[in-house]
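Below is work_29.txt, holding compact mmCIF, C-alpha atoms and all ligand atoms.
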```txt
# COMPACT_ATOMS: atom_id res chain seq x y z
CA MET X 1 164.81 123.07 -47.46
CA ARG X 2 163.30 119.68 -46.64
CA ILE X 3 164.70 117.78 -43.69
CA TYR X 4 164.09 114.05 -43.45
CA ARG X 5 164.73 112.57 -40.04
CA ALA X 6 166.19 109.08 -40.25
CA LYS X 7 166.28 106.68 -37.32
CA ASP X 8 169.92 105.77 -37.76
CA TYR X 9 172.71 105.47 -40.33
CA ASN X 10 171.07 102.59 -42.22
CA ASP X 11 167.76 104.38 -42.42
CA MET X 12 169.54 107.55 -43.61
CA SER X 13 171.39 105.55 -46.26
CA ARG X 14 168.22 103.92 -47.58
CA LYS X 15 166.32 107.21 -47.71
CA ALA X 16 169.20 108.92 -49.53
CA ALA X 17 169.56 106.02 -51.98
CA ASN X 18 165.82 106.26 -52.68
CA ILE X 19 166.22 109.89 -53.69
CA ILE X 20 169.24 109.15 -55.90
CA SER X 21 167.52 106.21 -57.57
CA ALA X 22 164.39 108.30 -58.18
CA GLN X 23 166.62 110.79 -60.01
CA ILE X 24 168.11 108.01 -62.18
CA ILE X 25 164.71 106.53 -62.94
CA MET X 26 163.15 109.89 -63.81
CA LYS X 27 166.11 110.94 -65.96
CA PRO X 28 168.28 107.96 -66.98
CA ASP X 29 170.90 110.24 -68.59
CA CYS X 30 171.19 112.48 -65.55
CA VAL X 31 174.38 114.04 -64.19
CA LEU X 32 175.01 113.09 -60.57
CA GLY X 33 177.40 115.11 -58.44
CA LEU X 34 178.95 112.65 -56.00
CA ALA X 35 180.75 112.82 -52.67
CA THR X 36 183.20 110.58 -50.85
CA GLY X 37 183.74 110.27 -47.08
CA SER X 38 182.14 107.86 -44.61
CA THR X 39 178.61 109.17 -44.77
CA PRO X 40 177.52 108.22 -48.32
CA ILE X 41 179.02 104.70 -48.23
CA GLY X 42 175.75 103.14 -47.02
CA ALA X 43 173.76 104.89 -49.74
CA TYR X 44 176.19 103.64 -52.41
CA ARG X 45 175.90 100.12 -50.97
CA GLN X 46 172.13 100.34 -51.21
CA LEU X 47 172.28 101.58 -54.82
CA VAL X 48 174.55 98.66 -55.72
CA GLU X 49 172.06 96.26 -54.11
CA TRP X 50 169.19 97.67 -56.13
CA TYR X 51 171.32 97.53 -59.27
CA ASN X 52 172.06 93.86 -58.59
CA LYS X 53 168.35 93.19 -58.24
CA GLY X 54 167.81 94.72 -61.67
CA ASP X 55 165.98 97.77 -60.35
CA LEU X 56 168.53 100.40 -61.42
CA ASP X 57 170.40 101.10 -64.64
CA PHE X 58 173.46 103.36 -64.61
CA SER X 59 174.33 102.92 -68.29
CA GLU X 60 173.43 106.47 -69.28
CA VAL X 61 174.42 108.23 -66.05
CA THR X 62 177.29 110.75 -65.92
CA THR X 63 179.00 111.60 -62.63
CA VAL X 64 181.18 114.46 -61.48
CA ASN X 65 182.76 114.18 -58.05
CA LEU X 66 183.18 117.03 -55.64
CA ASP X 67 186.86 116.75 -54.96
CA GLU X 68 190.17 114.93 -55.07
CA TYR X 69 193.39 115.15 -53.09
CA LYS X 70 196.21 116.89 -54.88
CA GLY X 71 199.19 114.60 -55.46
CA LEU X 72 197.54 111.21 -54.91
CA PRO X 73 197.61 108.91 -57.93
CA LYS X 74 194.40 107.04 -58.86
CA GLU X 75 195.89 103.73 -57.62
CA ASN X 76 196.41 105.16 -54.14
CA GLU X 77 193.79 103.59 -51.88
CA GLN X 78 193.09 106.95 -50.27
CA SER X 79 192.43 108.76 -53.52
CA TYR X 80 188.82 109.64 -54.12
CA TYR X 81 189.07 108.01 -57.54
CA TYR X 82 189.90 104.74 -55.80
CA PHE X 83 187.08 105.28 -53.29
CA MET X 84 184.46 105.82 -56.01
CA ASN X 85 185.62 102.77 -57.91
CA GLU X 86 185.52 100.61 -54.80
CA ASN X 87 182.16 101.81 -53.54
CA LEU X 88 180.20 102.33 -56.72
CA PHE X 89 181.70 102.52 -60.20
CA SER X 90 183.17 99.01 -60.39
CA LYS X 91 179.95 97.51 -59.01
CA VAL X 92 177.36 98.93 -61.41
CA ASN X 93 177.02 99.24 -65.19
CA ILE X 94 178.18 102.84 -65.37
CA ASP X 95 180.29 103.87 -68.38
CA LYS X 96 183.62 104.72 -66.69
CA SER X 97 184.45 107.23 -69.40
CA ARG X 98 181.60 109.34 -68.06
CA THR X 99 182.75 109.34 -64.43
CA TYR X 100 184.77 112.44 -63.65
CA LEU X 101 186.87 113.60 -60.72
CA PRO X 102 189.40 116.42 -60.57
CA ASP X 103 192.79 115.07 -61.65
CA GLY X 104 194.90 115.19 -58.50
CA MET X 105 198.06 114.42 -60.46
CA ILE X 106 198.05 117.67 -62.41
CA GLU X 107 200.68 119.70 -60.61
CA ASP X 108 199.61 123.04 -62.05
CA SER X 109 196.59 123.92 -59.91
CA ASP X 110 195.17 126.52 -62.29
CA GLU X 111 195.29 124.05 -65.14
CA ALA X 112 193.72 121.24 -63.09
CA CYS X 113 190.86 123.49 -61.98
CA ARG X 114 190.33 124.98 -65.42
CA ARG X 115 190.05 121.49 -66.93
CA TYR X 116 187.58 120.36 -64.29
CA ASN X 117 185.39 123.43 -64.69
CA GLU X 118 185.36 122.75 -68.40
CA ILE X 119 184.21 119.16 -67.81
CA ILE X 120 181.40 120.27 -65.50
CA HIS X 121 180.22 122.81 -68.06
CA SER X 122 180.53 120.33 -70.93
CA VAL X 123 178.27 117.76 -69.24
CA GLY X 124 175.63 120.45 -68.91
CA GLY X 125 175.65 120.97 -65.14
CA VAL X 126 174.59 118.75 -62.28
CA ASP X 127 171.04 117.43 -61.85
CA LEU X 128 171.48 116.09 -58.32
CA GLN X 129 174.46 116.92 -56.12
CA LEU X 130 175.14 114.65 -53.16
CA LEU X 131 176.97 116.27 -50.25
CA GLY X 132 178.28 115.39 -46.82
CA LEU X 133 178.91 118.00 -44.15
CA GLY X 134 182.26 118.47 -42.38
CA HIS X 135 182.53 119.06 -38.62
CA ASN X 136 183.47 122.66 -39.35
CA GLY X 137 180.56 123.04 -41.75
CA HIS X 138 182.62 122.49 -44.90
CA ILE X 139 181.05 121.16 -48.10
CA GLY X 140 183.36 119.61 -50.66
CA PHE X 141 186.70 120.89 -49.40
CA ASN X 142 185.38 124.43 -49.07
CA GLU X 143 186.71 125.31 -45.66
CA PRO X 144 185.47 128.14 -43.40
CA GLY X 145 186.18 131.57 -44.83
CA ILE X 146 185.91 130.51 -48.48
CA ALA X 147 184.30 132.99 -50.87
CA PHE X 148 180.86 131.85 -51.95
CA GLU X 149 181.42 132.67 -55.63
CA THR X 150 184.26 130.23 -56.39
CA GLU X 151 184.29 127.45 -58.98
CA THR X 152 186.77 124.55 -58.87
CA HIS X 153 189.88 125.63 -56.98
CA CYS X 154 192.84 124.32 -55.04
CA VAL X 155 192.55 124.45 -51.24
CA SER X 156 194.84 123.94 -48.31
CA LEU X 157 193.07 121.69 -45.83
CA SER X 158 192.40 123.02 -42.36
CA GLU X 159 194.05 121.36 -39.36
CA ARG X 160 190.64 120.06 -38.28
CA THR X 161 189.98 118.42 -41.65
CA ILE X 162 193.46 116.90 -41.73
CA LYS X 163 192.82 115.42 -38.27
CA ALA X 164 189.35 114.18 -39.28
CA ASN X 165 190.75 112.49 -42.41
CA MET X 166 193.76 111.06 -40.61
CA ARG X 167 191.80 107.92 -39.76
CA PHE X 168 192.14 106.80 -43.37
CA PHE X 169 195.92 107.25 -43.55
CA VAL X 170 198.91 105.58 -41.88
CA SER X 171 199.59 108.76 -39.94
CA GLU X 172 198.78 112.47 -39.96
CA ARG X 173 201.97 113.06 -41.95
CA HIS X 174 200.54 111.07 -44.88
CA VAL X 175 197.35 113.15 -45.23
CA PRO X 176 197.74 115.39 -48.30
CA ARG X 177 197.74 119.07 -47.43
CA GLN X 178 195.93 120.24 -50.54
CA ALA X 179 192.95 119.21 -52.63
CA TYR X 180 191.05 120.29 -55.72
CA THR X 181 187.41 120.93 -55.00
CA MET X 182 184.31 122.18 -56.73
CA GLY X 183 183.61 125.64 -55.41
CA ILE X 184 180.48 126.86 -53.68
CA LYS X 185 179.31 128.52 -56.87
CA THR X 186 179.54 125.19 -58.73
CA ILE X 187 177.74 123.34 -55.95
CA MET X 188 175.00 125.96 -55.78
CA SER X 189 174.36 125.70 -59.51
CA ALA X 190 173.20 122.07 -59.20
CA HIS X 191 169.45 121.75 -59.85
CA LYS X 192 168.91 119.68 -56.72
CA ILE X 193 171.08 119.08 -53.68
CA LEU X 194 170.95 116.13 -51.30
CA VAL X 195 172.90 116.34 -48.03
CA VAL X 196 173.51 113.23 -45.94
CA ILE X 197 174.57 113.57 -42.31
CA SER X 198 174.97 111.04 -39.55
CA GLY X 199 176.16 111.00 -35.96
CA GLU X 200 176.15 113.14 -32.86
CA ASP X 201 179.58 114.55 -33.70
CA LYS X 202 177.90 116.39 -36.58
CA ALA X 203 175.08 117.88 -34.47
CA ASP X 204 176.80 121.26 -33.95
CA ALA X 205 177.67 121.54 -37.64
CA VAL X 206 174.07 120.76 -38.62
CA GLN X 207 172.72 123.32 -36.19
CA GLN X 208 175.11 126.02 -37.42
CA ALA X 209 174.75 125.27 -41.13
CA PHE X 210 170.99 125.01 -41.34
CA PHE X 211 169.67 126.98 -38.36
CA GLY X 212 172.29 129.71 -38.01
CA PRO X 213 173.21 132.73 -40.12
CA VAL X 214 174.43 132.30 -43.70
CA THR X 215 178.13 133.03 -43.46
CA PRO X 216 181.37 131.97 -45.21
CA GLN X 217 182.54 130.88 -41.73
CA VAL X 218 180.12 127.97 -42.09
CA PRO X 219 180.29 127.09 -45.80
CA GLY X 220 177.30 124.70 -45.66
CA SER X 221 175.06 127.56 -44.49
CA ILE X 222 174.90 128.81 -48.08
CA LEU X 223 172.63 125.85 -48.84
CA GLN X 224 169.85 127.73 -47.03
CA LEU X 225 169.72 129.94 -50.13
CA HIS X 226 169.34 127.09 -52.64
CA ASN X 227 165.77 126.43 -53.72
CA ASP X 228 165.88 122.62 -53.82
CA VAL X 229 167.82 121.14 -50.93
CA THR X 230 166.92 117.89 -49.21
CA ILE X 231 168.70 116.97 -46.01
CA VAL X 232 168.61 113.38 -44.83
CA ALA X 233 170.07 113.15 -41.36
CA ASP X 234 169.78 110.70 -38.53
CA GLU X 235 168.41 111.57 -35.11
CA ALA X 236 171.86 111.92 -33.57
CA ALA X 237 172.91 114.49 -36.19
CA LEU X 238 169.65 116.40 -35.69
CA SER X 239 169.85 116.28 -31.88
CA LYS X 240 170.76 119.98 -31.53
CA CYS X 241 168.24 121.29 -34.04
CA PRO X 242 165.09 123.14 -33.08
CA LEU X 243 162.73 120.73 -34.87
C1 LIG Z 1 183.81 114.38 -49.63
C2 LIG Z 1 183.71 115.77 -49.22
C3 LIG Z 1 183.63 116.20 -47.80
C4 LIG Z 1 182.83 115.25 -46.91
C5 LIG Z 1 182.81 115.76 -45.47
C6 LIG Z 1 182.11 114.77 -44.56
O1 LIG Z 1 183.87 114.27 -51.04
O2 LIG Z 1 183.75 116.61 -50.07
O3 LIG Z 1 183.06 117.48 -47.74
O4 LIG Z 1 181.54 115.12 -47.41
O5 LIG Z 1 184.10 115.94 -45.01
O6 LIG Z 1 182.87 113.60 -44.50
P1 LIG Z 1 182.37 112.30 -43.75
O7 LIG Z 1 181.19 111.79 -44.51
O8 LIG Z 1 183.53 111.34 -43.82
O9 LIG Z 1 182.01 112.70 -42.36
```
Conversion result in structure tokens:
Amino acid sequence: MRIYRAKDYNDMSRKAANIISAQIIMKPDCVLGLATGSTPIGAYRQLVEWYNKGDLDFSEVTTVNLDEYKGLPKENEQSYYYFMNENLFSKVNIDKSRTYLPDGMIEDSDEACRRYNEIIHSVGGVDLQLLGLGHNGHIGFNEPGIAFETETHCVSLSERTIKANMRFFVSERHVPRQAYTMGIKTIMSAHKILVVISGEDKADAVQQAFFGPVTPQVPGSILQLHNDVTIVADEAALSKCPL
């Protein structure tokens, strides 16, 4: 596990974008596993800037996102589909037909997850998986207690995650209660993993996930067992780590 210490959010974003762009340059037809949430927004912004300068080409890139809320249509501003379009897909020359997210509008959870697993297998697996880390140590929407050997599945969000995500919705009532997410097994099968983390409010989660025991109670702790993980975190997020 490599840990890069960034000065602040902007520095973290630039360092993470550097790693993602290196992946695209080294393998133009790579498969990127992507995340939503506040943390990767700066990295996406940086990638768009480099694309606009002519330094990056997304034309052969395929993407598979970690997760999607169940029941939110693509046009809903809080859907992860909408987020990805706003922050990256509509701003670069990616072929939209090769950008995949779980389909939150499929009511039958088994069917939705089966289809998404099929897509991930059909694109040949993920070269570089980008992750954020939840306050409770979740990755994707894999909440504490989740079995490590799951593929895409439907989850009920924990109270803490609902509260954390509330800031994006009109009120807590509007936050969907369920989501489809890649499972830990899917995440762990990516060739390389890049985790971005920012802010003091994540310091406990970082300490537990990367310096504590590997346990389903802290889903991110499983990353300690992956052989190619890069963590890019700012000083505030690393403030409780024995480094
Ligand atoms: C997002 C995702 C989540 C977030 C995590 C951190 O696709 O799967 O695991 O990465 O909740 O979110 P932020 O970055 O908003 O703190």
Pull the neighbourhood of (182.7, 108.4, -47.9) for me: all residues within 9 Å in file coordinates, counting all atoms listed in the file, as a short mmCIF file (atom, residue, chain, number, x, y, z; two decimals) with C-alpha atoms, keeping the file's coordinate frame.
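Here's the written file out20.cif:
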```cif
data_model
loop_
_atom_site.label_atom_id
_atom_site.label_comp_id
_atom_site.auth_asym_id
_atom_site.auth_seq_id
_atom_site.Cartn_x
_atom_site.Cartn_y
_atom_site.Cartn_z
CA ALA X 35 180.75 112.82 -52.67
CA THR X 36 183.20 110.58 -50.85
CA GLY X 37 183.74 110.27 -47.08
CA SER X 38 182.14 107.86 -44.61
CA THR X 39 178.61 109.17 -44.77
CA PRO X 40 177.52 108.22 -48.32
CA ILE X 41 179.02 104.70 -48.23
CA GLY X 42 175.75 103.14 -47.02
CA TYR X 80 188.82 109.64 -54.12
CA PHE X 83 187.08 105.28 -53.29
CA MET X 84 184.46 105.82 -56.01
CA ASN X 87 182.16 101.81 -53.54
CA GLY X 132 178.28 115.39 -46.82
#
```
| Polymer residues at most 12 Å from (166.3, 99.7, -46.3) by only C-alpha atoms, as an MDAnalysis selection string | chainID X and resid 6:18 42:43 45:47 49:50
Put a box with edges along x, y and z around all the listed atoms of ligand LIG 1 (chain Z), pad it by 8 Å on each side, then give me its centre and sizes in Å, one decimal, as lines of an AutoDock Vina configuration file.
```
center_x = 182.6
center_y = 114.4
center_z = -46.7
size_x = 18.9
size_y = 22.1
size_z = 24.7
```
| 9 Å contact set for Leu56 (chain X), only C-alpha atoms, chain neighbours under 6 positions out, as a ChimeraX atom specification | /X:21,24-25,47-48,50,92
| task | Name the residues, by chain letter and number, that sit within 10 Å of ligand LIG 1 (chain Z) using all atoms listed in the file, and give them as a ChimeraX atom specification. | result | /X:33-41,65-69,80,83-84,130-143,161-162,164-165,167-168,179-182,195-199,201-202,220
Go ahead and write the selection's residues with C-alpha atoms as an mmCIF file, in the frame of the given file.
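Generated file (out-v3.cif):
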```
data_model
loop_
_atom_site.group_PDB
_atom_site.id
_atom_site.type_symbol
_atom_site.label_atom_id
_atom_site.label_comp_id
_atom_site.auth_asym_id
_atom_site.auth_seq_id
_atom_site.Cartn_x
_atom_site.Cartn_y
_atom_site.Cartn_z
ATOM 1 C CA GLY X 33 177.400 115.110 -58.440
ATOM 2 C CA LEU X 34 178.950 112.650 -56.000
ATOM 3 C CA ALA X 35 180.750 112.820 -52.670
ATOM 4 C CA THR X 36 183.200 110.580 -50.850
ATOM 5 C CA GLY X 37 183.740 110.270 -47.080
ATOM 6 C CA SER X 38 182.140 107.860 -44.610
ATOM 7 C CA THR X 39 178.610 109.170 -44.770
ATOM 8 C CA PRO X 40 177.520 108.220 -48.320
ATOM 9 C CA ILE X 41 179.020 104.700 -48.230
ATOM 10 C CA ASN X 65 182.760 114.180 -58.050
ATOM 11 C CA LEU X 66 183.180 117.030 -55.640
ATOM 12 C CA ASP X 67 186.860 116.750 -54.960
ATOM 13 C CA GLU X 68 190.170 114.930 -55.070
ATOM 14 C CA TYR X 69 193.390 115.150 -53.090
ATOM 15 C CA TYR X 80 188.820 109.640 -54.120
ATOM 16 C CA PHE X 83 187.080 105.280 -53.290
ATOM 17 C CA MET X 84 184.460 105.820 -56.010
ATOM 18 C CA LEU X 130 175.140 114.650 -53.160
ATOM 19 C CA LEU X 131 176.970 116.270 -50.250
ATOM 20 C CA GLY X 132 178.280 115.390 -46.820
ATOM 21 C CA LEU X 133 178.910 118.000 -44.150
ATOM 22 C CA GLY X 134 182.260 118.470 -42.380
ATOM 23 C CA HIS X 135 182.530 119.060 -38.620
ATOM 24 C CA ASN X 136 183.470 122.660 -39.350
ATOM 25 C CA GLY X 137 180.560 123.040 -41.750
ATOM 26 C CA HIS X 138 182.620 122.490 -44.900
ATOM 27 C CA ILE X 139 181.050 121.160 -48.100
ATOM 28 C CA GLY X 140 183.360 119.610 -50.660
ATOM 29 C CA PHE X 141 186.700 120.890 -49.400
ATOM 30 C CA ASN X 142 185.380 124.430 -49.070
ATOM 31 C CA GLU X 143 186.710 125.310 -45.660
ATOM 32 C CA THR X 161 189.980 118.420 -41.650
ATOM 33 C CA ILE X 162 193.460 116.900 -41.730
ATOM 34 C CA ALA X 164 189.350 114.180 -39.280
ATOM 35 C CA ASN X 165 190.750 112.490 -42.410
ATOM 36 C CA ARG X 167 191.800 107.920 -39.760
ATOM 37 C CA PHE X 168 192.140 106.800 -43.370
ATOM 38 C CA ALA X 179 192.950 119.210 -52.630
ATOM 39 C CA TYR X 180 191.050 120.290 -55.720
ATOM 40 C CA THR X 181 187.410 120.930 -55.000
ATOM 41 C CA MET X 182 184.310 122.180 -56.730
ATOM 42 C CA VAL X 195 172.900 116.340 -48.030
ATOM 43 C CA VAL X 196 173.510 113.230 -45.940
ATOM 44 C CA ILE X 197 174.570 113.570 -42.310
ATOM 45 C CA SER X 198 174.970 111.040 -39.550
ATOM 46 C CA GLY X 199 176.160 111.000 -35.960
ATOM 47 C CA ASP X 201 179.580 114.550 -33.700
ATOM 48 C CA LYS X 202 177.900 116.390 -36.580
ATOM 49 C CA GLY X 220 177.300 124.700 -45.660
#
```
| Which neighbours of Thr215 (chain X) fall inside 10 Å, counting all atoms listed in the file, when residues of the same chain fewer than 6 positions from it are skipped, and could you give them as a VMD selection string? | chain X and resid 144 to 148 208 to 209 221 to 222
| message | Using Å and a single decimal, report how far CA of Ala233 (chain X) sits from CA of Leu128 (chain X). | response |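 Spanning CA of Leu128 (chain X) to CA of Ala233 (chain X) is a straight-line distance of 17.3 Å.
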| remark: Of X:Cys30, X:Leu157, X:Val175, X:Leu72, the one sitting nearest Val123 (chain X) when using only C-alpha atoms is X:Cys30
